[in-house]
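Data from query01.csv: CSV, C-alpha atoms
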```csv
chain,number,residue,atom,x,y,z
A,264,MET,CA,40.7,60.7,129.7
A,265,LYS,CA,42.4,57.8,128.1
A,266,LEU,CA,45.2,58.9,125.8
A,267,SER,CA,47.1,57.0,123.1
A,268,GLU,CA,50.8,56.8,123.0
A,269,GLU,CA,51.0,59.5,120.4
A,270,GLU,CA,48.6,61.7,122.4
A,271,HIS,CA,50.8,61.3,125.5
A,272,ALA,CA,53.7,62.4,123.4
A,273,MET,CA,51.8,65.5,122.3
A,274,LEU,CA,51.0,66.3,126.0
A,275,ALA,CA,54.7,65.9,126.9
A,276,GLY,CA,55.7,68.5,124.3
A,277,GLU,CA,57.5,66.0,122.1
A,278,GLN,CA,55.7,67.4,119.0
A,279,GLY,CA,56.2,71.0,119.9
A,280,ALA,CA,54.7,73.7,122.2
A,281,ALA,CA,51.7,74.4,119.9
A,282,ARG,CA,50.5,70.8,119.8
A,283,ARG,CA,51.0,70.5,123.6
A,284,TRP,CA,48.7,73.5,124.1
A,285,ALA,CA,46.2,72.0,121.7
A,286,ILE,CA,45.9,68.7,123.3
A,287,ASP,CA,45.9,70.2,126.8
A,288,HIS,CA,43.0,72.3,125.7
A,289,GLN,CA,41.2,69.3,124.3
A,290,ILE,CA,41.7,67.3,127.5
A,291,LYS,CA,40.1,70.1,129.6
A,292,VAL,CA,37.2,70.4,127.2
A,293,GLY,CA,36.8,66.6,127.2
A,294,GLU,CA,36.9,66.3,130.9
A,295,MET,CA,34.2,68.9,131.2
A,296,PHE,CA,31.9,66.9,129.0
A,297,ASP,CA,32.9,63.5,130.5
A,298,ALA,CA,34.6,62.3,127.3
A,299,VAL,CA,36.4,59.0,127.7
A,300,ASN,CA,38.9,59.7,124.9
A,301,LEU,CA,39.6,61.6,121.7
A,302,VAL,CA,38.3,60.7,118.3
A,303,PRO,CA,40.3,61.2,115.1
A,304,VAL,CA,38.7,63.8,112.8
A,305,SER,CA,39.2,64.2,109.0
A,306,GLN,CA,38.7,68.0,108.8
A,307,ALA,CA,38.5,71.1,110.9
A,308,HIS,CA,36.7,74.3,110.2
A,309,MET,CA,37.3,77.5,112.3
A,310,MET,CA,35.4,80.7,112.8
A,311,ILE,CA,38.1,83.4,113.0
A,312,ASP,CA,36.6,86.7,111.8
A,313,PRO,CA,38.4,89.8,113.1
A,314,GLU,CA,35.4,91.1,114.9
A,315,SER,CA,35.4,88.0,117.1
A,316,VAL,CA,39.2,87.6,117.3
A,317,GLY,CA,40.3,91.1,118.0
A,318,ASP,CA,44.0,92.1,118.6
A,319,PRO,CA,44.5,89.6,121.5
A,320,GLY,CA,43.3,86.7,119.4
A,321,VAL,CA,45.5,87.6,116.5
A,322,SER,CA,48.5,87.9,118.9
A,323,PHE,CA,47.7,84.4,120.2
A,324,LEU,CA,47.6,83.0,116.6
A,325,GLU,CA,50.9,84.8,115.7
A,326,ASP,CA,52.5,83.3,118.8
A,327,LEU,CA,51.4,79.8,117.8
A,328,ALA,CA,52.7,80.3,114.3
A,329,ASP,CA,56.0,81.6,115.8
A,330,LYS,CA,56.3,78.4,117.7
A,331,GLY,CA,56.1,76.4,114.5
A,332,ALA,CA,52.5,75.3,114.7
A,333,GLN,CA,51.3,73.2,111.7
A,334,VAL,CA,47.9,71.7,111.2
A,335,ALA,CA,47.8,67.9,111.1
A,336,ILE,CA,44.7,67.6,108.9
A,337,PRO,CA,42.9,69.7,106.3
A,338,MET,CA,41.7,72.8,108.0
A,339,ILE,CA,39.5,75.5,106.5
A,340,THR,CA,38.0,78.8,107.6
A,341,ASP,CA,34.6,80.5,108.0
A,342,PRO,CA,33.8,83.8,106.3
A,343,ARG,CA,36.2,86.7,106.8
A,344,GLY,CA,35.0,89.9,108.5
A,345,VAL,CA,36.5,92.2,105.8
A,346,ASP,CA,36.5,92.0,102.0
A,347,LEU,CA,39.9,93.4,101.5
A,348,ASN,CA,39.0,94.5,98.0
A,349,TYR,CA,36.1,96.6,99.3
A,350,TYR,CA,35.9,97.8,102.8
A,351,ARG,CA,36.3,101.5,103.1
A,352,PRO,CA,33.1,102.2,101.1
A,353,LEU,CA,31.2,100.1,103.7
A,354,GLY,CA,32.5,102.2,106.6
A,355,GLN,CA,35.0,99.7,107.8
A,356,THR,CA,38.3,101.0,109.1
A,357,GLU,CA,42.0,100.3,108.3
A,358,GLU,CA,42.3,98.9,111.8
A,359,MET,CA,39.6,96.3,111.0
A,360,ALA,CA,41.4,95.4,107.8
A,361,ASP,CA,44.8,95.2,109.5
A,362,ILE,CA,43.5,92.6,112.0
A,363,ASP,CA,42.1,90.6,109.1
A,364,ARG,CA,45.5,90.8,107.3
A,365,ARG,CA,47.4,89.6,110.3
A,366,THR,CA,44.9,86.8,111.0
A,367,ILE,CA,45.3,85.6,107.4
A,368,ALA,CA,49.1,85.7,107.6
A,369,ALA,CA,49.2,83.7,110.9
A,370,CYS,CA,46.8,81.1,109.6
A,371,GLU,CA,48.6,80.6,106.4
A,372,ARG,CA,51.9,80.1,108.3
A,373,MET,CA,50.2,77.2,110.1
A,374,GLY,CA,49.0,75.6,106.9
A,375,ILE,CA,45.3,76.6,107.3
A,376,LEU,CA,43.4,76.9,104.0
A,377,MET,CA,41.8,80.3,103.9
A,378,THR,CA,38.5,79.1,102.2
A,379,ASN,CA,36.5,81.9,103.9
A,380,THR,CA,33.2,80.1,103.6
A,381,CYS,CA,30.2,78.9,105.7
A,382,VAL,CA,29.0,76.7,102.9
A,383,ASN,CA,32.0,74.5,102.6
A,384,TYR,CA,29.6,71.5,102.3
A,385,GLN,CA,28.5,73.0,99.0
A,386,THR,CA,31.9,74.3,97.8
A,387,ILE,CA,35.0,72.6,99.3
A,388,MET,CA,34.8,69.0,100.5
A,389,PRO,CA,31.5,67.8,101.9
A,390,PRO,CA,31.9,65.3,104.8
A,391,VAL,CA,30.3,61.9,104.3
A,392,LEU,CA,28.1,59.6,106.4
A,393,GLY,CA,29.8,58.7,109.7
A,394,ASP,CA,32.7,61.1,109.1
A,395,HIS,CA,34.0,62.6,112.4
A,396,VAL,CA,34.9,66.3,111.8
A,397,ALA,CA,35.5,69.4,114.0
A,398,TYR,CA,33.5,72.3,112.6
A,399,GLY,CA,32.9,75.7,114.1
A,400,ASP,CA,30.1,77.5,112.3
A,401,THR,CA,26.7,76.6,113.6
A,402,GLY,CA,25.2,76.4,110.1
A,403,VAL,CA,28.0,74.2,108.9
A,404,VAL,CA,27.7,71.9,111.8
A,405,ILE,CA,23.9,71.4,111.6
A,406,TYR,CA,24.0,70.8,107.8
A,407,SER,CA,26.9,68.4,108.0
A,408,ASN,CA,25.3,66.4,110.9
A,409,SER,CA,21.9,66.4,109.4
A,410,ALA,CA,22.1,66.4,105.6
A,411,CYS,CA,25.4,64.5,105.3
A,412,GLY,CA,25.3,62.3,108.4
A,413,ALA,CA,28.7,63.4,109.5
A,414,ARG,CA,29.5,63.9,113.2
A,415,SER,CA,30.6,67.2,114.8
A,416,ASN,CA,29.8,69.3,117.9
A,417,PHE,CA,29.8,73.1,117.8
A,418,GLU,CA,33.5,73.8,118.1
A,419,GLY,CA,34.6,77.2,119.5
A,420,GLY,CA,37.5,78.9,117.7
A,421,PRO,CA,40.2,77.6,120.1
A,422,SER,CA,38.7,74.1,120.0
A,423,ALA,CA,38.5,74.0,116.2
A,424,LEU,CA,42.1,75.2,116.0
A,425,ALA,CA,43.2,72.5,118.6
A,426,ALA,CA,41.5,69.9,116.4
A,427,GLY,CA,43.4,71.1,113.4
A,428,LEU,CA,46.7,70.9,115.2
A,429,THR,CA,46.1,67.4,116.7
A,430,GLY,CA,43.8,65.8,114.2
A,431,ARG,CA,41.4,64.8,117.0
A,432,THR,CA,38.6,66.1,119.1
A,433,PRO,CA,37.0,65.0,122.4
A,434,ARG,CA,34.6,62.1,121.9
A,435,TYR,CA,31.4,63.5,123.5
A,436,GLY,CA,28.0,64.9,122.3
A,437,LEU,CA,27.2,64.2,118.7
A,438,HIS,CA,30.2,61.9,118.2
A,439,LEU,CA,28.3,59.3,120.2
A,440,ASP,CA,25.5,57.2,118.7
A,441,GLU,CA,23.2,57.6,121.7
A,442,ASN,CA,23.1,61.4,121.4
A,443,ARG,CA,22.0,61.3,117.8
A,444,GLN,CA,18.6,59.8,118.5
A,445,ALA,CA,15.5,62.0,118.2
A,446,THR,CA,14.2,63.6,121.3
A,447,ARG,CA,11.4,65.7,119.8
A,448,ARG,CA,8.9,64.8,117.0
A,449,PHE,CA,7.4,67.6,114.9
A,450,ARG,CA,4.8,67.1,112.2
A,451,VAL,CA,4.3,69.9,109.6
A,452,THR,CA,0.8,70.7,108.4
A,453,GLU,CA,2.0,73.5,106.0
A,454,GLN,CA,4.5,72.7,103.2
A,455,PRO,CA,7.4,75.1,102.6
A,456,ARG,CA,7.5,76.5,99.1
A,457,GLU,CA,10.7,78.6,98.8
A,458,LEU,CA,13.9,79.3,100.6
A,459,THR,CA,12.5,81.7,103.2
A,460,ASP,CA,9.7,79.2,104.0
A,461,TRP,CA,12.3,76.6,104.8
A,462,GLY,CA,14.1,79.1,107.0
A,463,VAL,CA,10.9,80.0,108.8
A,464,LEU,CA,10.2,76.3,109.4
A,465,GLY,CA,13.7,75.9,110.9
A,466,ALA,CA,13.3,78.9,113.1
A,467,VAL,CA,10.0,77.6,114.5
A,468,ALA,CA,11.3,74.1,115.1
A,469,GLY,CA,14.5,75.5,116.7
A,470,THR,CA,12.5,77.7,119.0
A,471,LYS,CA,10.2,74.8,120.0
A,472,ALA,CA,13.2,72.6,120.6
A,473,GLY,CA,15.2,75.3,122.4
A,474,SER,CA,18.3,73.3,123.5
A,475,TYR,CA,21.6,72.1,122.1
A,476,TRP,CA,20.8,68.7,123.5
A,477,GLU,CA,17.4,68.3,121.8
A,478,VAL,CA,17.4,66.4,118.5
A,479,PRO,CA,14.2,67.2,116.4
A,480,VAL,CA,12.8,64.8,113.9
A,481,ILE,CA,10.4,66.4,111.4
A,482,GLU,CA,7.8,64.4,109.5
A,483,GLY,CA,5.1,65.3,107.1
A,484,LEU,CA,7.2,66.9,104.4
A,485,GLU,CA,5.9,66.1,100.9
A,486,VAL,CA,9.1,67.2,99.0
A,487,VAL,CA,12.8,66.6,99.5
A,488,PRO,CA,14.5,69.9,100.1
A,489,THR,CA,17.3,71.1,97.8
A,490,SER,CA,20.7,71.8,99.2
A,491,ASP,CA,19.9,75.5,99.5
A,492,GLU,CA,16.6,74.8,101.2
A,493,MET,CA,18.2,72.4,103.6
A,494,LYS,CA,20.9,75.1,104.2
A,495,HIS,CA,18.3,77.7,105.2
A,496,LEU,CA,16.3,75.2,107.3
A,497,GLY,CA,19.4,74.2,109.3
A,498,ALA,CA,20.9,77.7,109.7
A,499,ALA,CA,17.7,79.1,111.1
A,500,MET,CA,17.2,76.1,113.4
A,501,ALA,CA,20.7,76.5,114.8
A,502,SER,CA,20.2,80.2,115.2
A,503,TYR,CA,16.9,80.0,117.1
A,504,GLY,CA,17.4,76.8,119.0
A,505,SER,CA,21.2,76.2,119.3
A,506,THR,CA,20.3,73.0,117.5
A,507,PRO,CA,23.3,71.0,116.0
A,508,LEU,CA,21.3,68.1,114.5
A,509,PHE,CA,17.9,67.4,113.1
A,510,HIS,CA,16.4,64.5,111.1
A,511,LEU,CA,13.8,64.6,108.3
A,512,ALA,CA,11.8,61.4,108.3
A,513,GLY,CA,12.4,59.4,105.1
A,514,ILE,CA,14.9,62.0,103.8
A,515,THR,CA,18.1,62.5,105.8
A,516,PRO,CA,20.5,59.6,105.9
A,517,GLU,CA,20.2,58.6,109.5
A,518,ALA,CA,16.3,58.8,109.5
A,519,GLN,CA,15.1,56.7,106.6
A,520,SER,CA,12.3,55.8,109.0
A,521,LEU,CA,11.2,57.2,112.3
A,522,ALA,CA,12.3,53.9,113.9
A,523,ASP,CA,15.9,54.6,112.8
A,524,VAL,CA,16.1,57.5,115.2
A,525,ALA,CA,13.7,56.2,117.9
A,526,GLY,CA,11.1,58.7,116.9
A,527,GLU,CA,8.0,56.4,116.9
A,528,ALA,CA,7.6,56.5,120.6
A,529,LEU,CA,7.8,60.3,120.9
A,530,PRO,CA,4.6,62.4,121.2
A,531,VAL,CA,3.7,64.4,118.1
A,532,GLU,CA,4.0,68.2,118.2
A,533,TYR,CA,2.5,70.0,115.3
A,534,ILE,CA,4.0,72.9,113.4
A,535,SER,CA,1.0,74.6,111.7
A,536,ALA,CA,0.5,77.5,109.3
A,537,ASP,CA,-0.5,79.6,112.3
A,538,ASP,CA,2.9,78.9,113.9
A,539,LEU,CA,4.7,79.9,110.7
A,540,ASP,CA,2.6,83.1,110.2
A,541,ALA,CA,3.1,84.1,113.8
A,542,PHE,CA,6.9,83.9,113.3
A,543,ARG,CA,6.7,86.0,110.1
A,544,SER,CA,4.6,88.7,111.8
A,545,ASN,CA,7.6,89.6,114.0
A,546,PHE,CA,9.6,90.8,111.0
A,547,GLY,CA,8.3,93.7,109.0
A,548,ALA,CA,5.1,94.8,107.3
A,549,ARG,CA,4.0,96.2,103.9
A,550,GLU,CA,5.2,99.7,103.1
A,551,ASP,CA,7.9,99.7,105.7
A,552,LYS,CA,10.9,101.8,104.5
A,553,VAL,CA,14.0,99.8,103.7
A,554,ASP,CA,17.6,101.1,104.2
A,555,VAL,CA,19.5,98.0,103.1
A,556,VAL,CA,18.7,94.6,101.6
A,557,VAL,CA,21.1,91.8,102.6
A,558,PHE,CA,21.5,88.4,101.0
A,559,ALA,CA,23.8,86.5,103.4
A,560,ALA,CA,23.8,84.1,106.3
A,561,PRO,CA,24.5,81.6,104.9
A,562,GLN,CA,26.6,82.7,101.9
A,563,LEU,CA,24.9,82.3,98.6
A,564,SER,CA,25.4,79.3,96.4
A,565,ILE,CA,25.9,79.6,92.6
A,566,VAL,CA,22.2,78.7,92.2
A,567,GLU,CA,21.2,81.5,94.5
A,568,MET,CA,23.5,83.9,92.7
A,569,GLN,CA,21.9,83.0,89.4
A,570,ALA,CA,18.4,83.6,90.9
A,571,VAL,CA,19.4,87.0,92.3
A,572,ALA,CA,21.0,88.0,89.0
A,573,ARG,CA,17.8,87.1,87.1
A,574,LEU,CA,15.7,89.2,89.5
A,575,CYS,CA,18.2,92.1,89.2
A,576,ASP,CA,18.6,92.1,85.4
A,577,GLY,CA,17.7,95.4,83.9
A,578,GLN,CA,16.6,96.9,87.3
A,579,LYS,CA,17.9,99.9,89.3
A,580,PHE,CA,17.9,99.8,93.1
A,581,ALA,CA,16.6,102.7,95.2
A,582,THR,CA,18.3,101.3,98.3
A,583,ALA,CA,21.6,99.7,99.2
A,584,VAL,CA,21.9,95.9,98.5
A,585,ILE,CA,24.6,93.7,99.8
A,586,VAL,CA,25.2,90.1,98.5
A,587,CYS,CA,27.7,87.8,100.3
A,588,THR,CA,29.1,84.7,98.7
A,589,SER,CA,32.1,82.5,99.1
A,590,PRO,CA,35.4,83.0,97.1
A,591,GLN,CA,34.7,79.7,95.3
A,592,VAL,CA,31.2,80.8,94.2
A,593,TYR,CA,32.4,84.4,93.5
A,594,ALA,CA,34.8,83.2,90.9
A,595,ASP,CA,32.2,81.1,89.1
A,596,ALA,CA,29.5,83.9,89.4
A,597,THR,CA,32.0,86.4,87.9
A,598,ARG,CA,32.8,84.1,85.0
A,599,MET,CA,29.1,83.4,84.4
A,600,GLY,CA,28.2,87.1,84.4
A,601,PHE,CA,26.0,87.0,87.6
A,602,VAL,CA,28.2,89.5,89.6
A,603,ALA,CA,28.2,92.0,86.8
A,604,THR,CA,24.4,91.7,86.4
A,605,ILE,CA,23.8,92.1,90.2
A,606,GLU,CA,26.2,95.1,90.5
A,607,SER,CA,24.8,96.8,87.4
A,608,ALA,CA,21.5,97.2,89.3
A,609,GLY,CA,23.4,99.0,92.1
A,610,ALA,CA,24.2,96.1,94.5
A,611,LYS,CA,27.6,95.1,95.9
A,612,VAL,CA,28.7,91.5,95.9
A,613,LEU,CA,31.2,90.8,98.7
A,614,GLU,CA,33.6,87.9,98.5
A,615,GLY,CA,34.5,85.6,101.4
A,616,THR,CA,32.5,87.6,104.0
A,617,CYS,CA,29.1,87.3,105.7
A,618,PHE,CA,27.3,90.5,106.7
A,619,TYR,CA,26.6,89.7,110.4
A,620,ASN,CA,30.2,89.0,111.3
A,621,GLN,CA,31.8,91.9,109.5
A,622,TYR,CA,31.2,94.7,112.0
A,623,ALA,CA,27.6,94.9,111.1
A,624,ARG,CA,26.9,97.5,113.8
A,625,GLU,CA,29.7,99.8,112.7
A,626,ILE,CA,28.6,99.4,109.1
A,627,GLY,CA,25.1,100.4,109.9
A,628,GLU,CA,26.1,103.4,111.9
A,629,ALA,CA,28.5,104.6,109.2
A,630,ASN,CA,25.8,104.4,106.5
A,631,GLY,CA,22.8,105.4,108.6
A,632,TRP,CA,21.1,101.9,108.0
A,633,THR,CA,18.5,100.8,110.5
A,634,ARG,CA,15.7,99.1,108.5
A,635,LEU,CA,17.3,95.9,107.1
A,636,LEU,CA,15.5,93.4,104.9
A,637,SER,CA,16.7,89.9,104.1
A,638,ASN,CA,15.4,86.5,103.0
A,639,SER,CA,17.4,84.8,105.7
A,640,ALA,CA,15.6,83.8,108.9
A,641,LYS,CA,19.0,83.5,110.6
A,642,ILE,CA,20.3,87.0,109.8
A,643,VAL,CA,17.1,88.7,111.0
A,644,ASN,CA,17.5,86.9,114.3
A,645,ILE,CA,21.1,88.0,114.8
A,646,LEU,CA,20.9,91.6,113.6
A,647,GLY,CA,18.2,92.7,116.0
A,648,GLY,CA,21.0,92.8,118.5
A,649,TYR,CA,23.2,94.9,116.3
A,650,GLY,CA,21.1,98.0,116.2
A,651,TYR,CA,18.9,97.1,113.2
A,652,GLU,CA,15.2,96.7,112.8
A,653,PRO,CA,15.2,93.6,110.6
A,654,ALA,CA,12.4,92.4,108.3
A,655,LEU,CA,12.0,89.1,106.5
A,656,ALA,CA,10.7,88.4,103.0
A,657,SER,CA,11.3,86.1,100.0
A,658,MET,CA,14.1,86.7,97.6
A,659,GLU,CA,11.7,88.0,95.0
A,660,ASP,CA,10.1,90.4,97.5
A,661,CYS,CA,13.5,91.6,98.8
A,662,VAL,CA,14.5,92.6,95.3
A,663,ALA,CA,11.2,94.3,94.7
A,664,ALA,CA,11.7,96.2,97.9
A,665,ALA,CA,15.2,97.3,96.9
A,666,ILE,CA,13.7,98.7,93.7
A,667,ALA,CA,10.9,100.5,95.4
A,668,GLY,CA,12.7,101.5,98.6
A,669,GLU,CA,10.0,99.9,100.7
A,670,ILE,CA,8.5,96.5,101.4
A,671,GLN,CA,5.8,95.8,98.8
```
For this file, produce the structure as structure tokens.
Amino acid sequence: MKLSEEEHAMLAGEQGAARRWAIDHQIKVGEMFDAVNLVPVSQAHMMIDPESVGDPGVSFLEDLADKGAQVAIPMITDPRGVDLNYYRPLGQTEEMADIDRRTIAACERMGILMTNTCVNYQTIMPPVLGDHVAYGDTGVVIYSNSACGARSNFEGGPSALAAGLTGRTPRYGLHLDENRQATRRFRVTEQPRELTDWGVLGAVAGTKAGSYWEVPVIEGLEVVPTSDEMKHLGAAMASYGSTPLFHLAGITPEAQSLADVAGEALPVEYISADDLDAFRSNFGAREDKVDVVVFAAPQLSIVEMQAVARLCDGQKFATAVIVCTSPQVYADATRMGFVATIESAGAKVLEGTCFYNQYAREIGEANGWTRLLSNSAKIVNILGGYGYEPALASMEDCVAAAIAGEIQ
């Protein structure tokens, strides 16, 4: 790889041991993907929940902090694995909380901003068209690439940290113009109507694409999705297809026409109502018992918190309900009374966490939860591997099921 004078200095250790580790890591990753050089990035975003990191990962972070590591650009974090204000009632242990506390302390020593969110594009500082960034969470990456027109690959935890320390990332994959052109062309024949429909569309498109290196372009949409609808579309597509970028013809910034992304020459593949219904049929049926209802993955926006609060107002739940949102939204939702309304119905709002990466298996075992219901197509995909039998429904139907104790 070609290195600048400053990058050579980093590799020589002239800017400290931590930065030398970081750029050496990036060179190895870059060489694996045939990157010619490194590209400056404006932000980094790291997944660093304690379930993934564990004690060895925390020790690694603490060692870097002991060596004086300091981030070179704004660096933020994905959801935590423990809401330190509410973890014992969920069945989480003190050991889990201690790993989280140590992780937070090490990150703060390095100048990392503990934003604890997977919706930073809605709450912190959205990237802009053409902006090179180094993001870790798959939902963050696909939204930022697609809706914002920024440029990021899926960055693993060490790679995101390395980008934060050097202010660079290897120039490969979606940092290159040629890899952002459409490779699959999907035409919808059934219009999505609410959040879960957009998630189902994303899941079907992702399943059909089925590869990190495929770039779907979707045409035939009659409405422009809201930020929350785009969020569910992308999160599901990334979950089911490992997809980091999609285009919506005439909607997303890089695809104002099919020609912009070389989509005109691609054969048309249809996504029909039958495709969407077949996907839904995999997740739950009427009168199925529900142990827990989860609103998460991605974390809820302030608009979603308002919608949940309206549905909860004056109700009492017959089953457990977990709502996950970012610290930024939590503060606003508390001030606006949404948290109080939701919790008065018997739910619990968690701050800065997301259910699937907060020891979901252990929580389920501690509480005897098996049948899980959500409006997130992403979370029902993930939690099938954590000992749950997940079901999928709209937000309205999820709340109705929580009241009745079964899917209506």
Hey, can you check how far CA of Glu358 in chain A sits from CA of Met338 in chain A? 26.4 Å
Val480 in chain A surroundings by all atoms listed in the file, 9 Å radius, close-in-sequence under 5 positions cut, as an MDAnalysis selection string: chainID A and resid 444:450 509:512 518 521 524 526
What would the file look like if the residues just selected were written as a PDB file, in the coordinates of the input with C-alpha atoms?
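File selection_21.pdb, as written:
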```
ATOM      1  CA  GLN A 444      18.600  59.800 118.500  1.00  0.00           C
ATOM      2  CA  ALA A 445      15.500  62.000 118.200  1.00  0.00           C
ATOM      3  CA  THR A 446      14.200  63.600 121.300  1.00  0.00           C
ATOM      4  CA  ARG A 447      11.400  65.700 119.800  1.00  0.00           C
ATOM      5  CA  ARG A 448       8.900  64.800 117.000  1.00  0.00           C
ATOM      6  CA  PHE A 449       7.400  67.600 114.900  1.00  0.00           C
ATOM      7  CA  ARG A 450       4.800  67.100 112.200  1.00  0.00           C
ATOM      8  CA  PHE A 509      17.900  67.400 113.100  1.00  0.00           C
ATOM      9  CA  HIS A 510      16.400  64.500 111.100  1.00  0.00           C
ATOM     10  CA  LEU A 511      13.800  64.600 108.300  1.00  0.00           C
ATOM     11  CA  ALA A 512      11.800  61.400 108.300  1.00  0.00           C
ATOM     12  CA  ALA A 518      16.300  58.800 109.500  1.00  0.00           C
ATOM     13  CA  LEU A 521      11.200  57.200 112.300  1.00  0.00           C
ATOM     14  CA  VAL A 524      16.100  57.500 115.200  1.00  0.00           C
ATOM     15  CA  GLY A 526      11.100  58.700 116.900  1.00  0.00           C
TER      16      GLY A 526
END
```
Might you pull out every residue within 7 Å of range 578-593 of chain A, with all atoms listed in the file counted and same-chain residues fewer than 5 positions away left off, and present them as JSON, numbers by chain? {"A": [379, 380, 386, 554, 555, 556, 557, 558, 559, 562, 563, 564, 565, 608, 609, 610, 611, 612, 613, 614, 615, 616, 617, 618, 665, 666, 667, 668]}
Which residue out of A:Gly427, A:Pro507, A:Pro455, A:Gly600 has the minimum interatomic distance to Ser474 in chain A when only C-alpha atoms are used? A:Pro507
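Proximity ranking of A:Tyr349, A:Phe323, A:Glu418, A:Glu294 relative to Ala307 in chain A places A:Glu418 first, based on only C-alpha atoms.
Residues in contact range of Thr633 in chain A, defined as at most 9 Å between only C-alpha atoms, with sequence neighbours fewer than 2 positions away removed, read Val553, Asp554, Val555, Gly627, Glu628, Gly631, Leu635, Gly650, Tyr651, Glu652 and Pro653 of chain A.
Distance-wise, CA of Gly647 in chain A and CA of Gly497 in chain A end up 19.7 Å apart.
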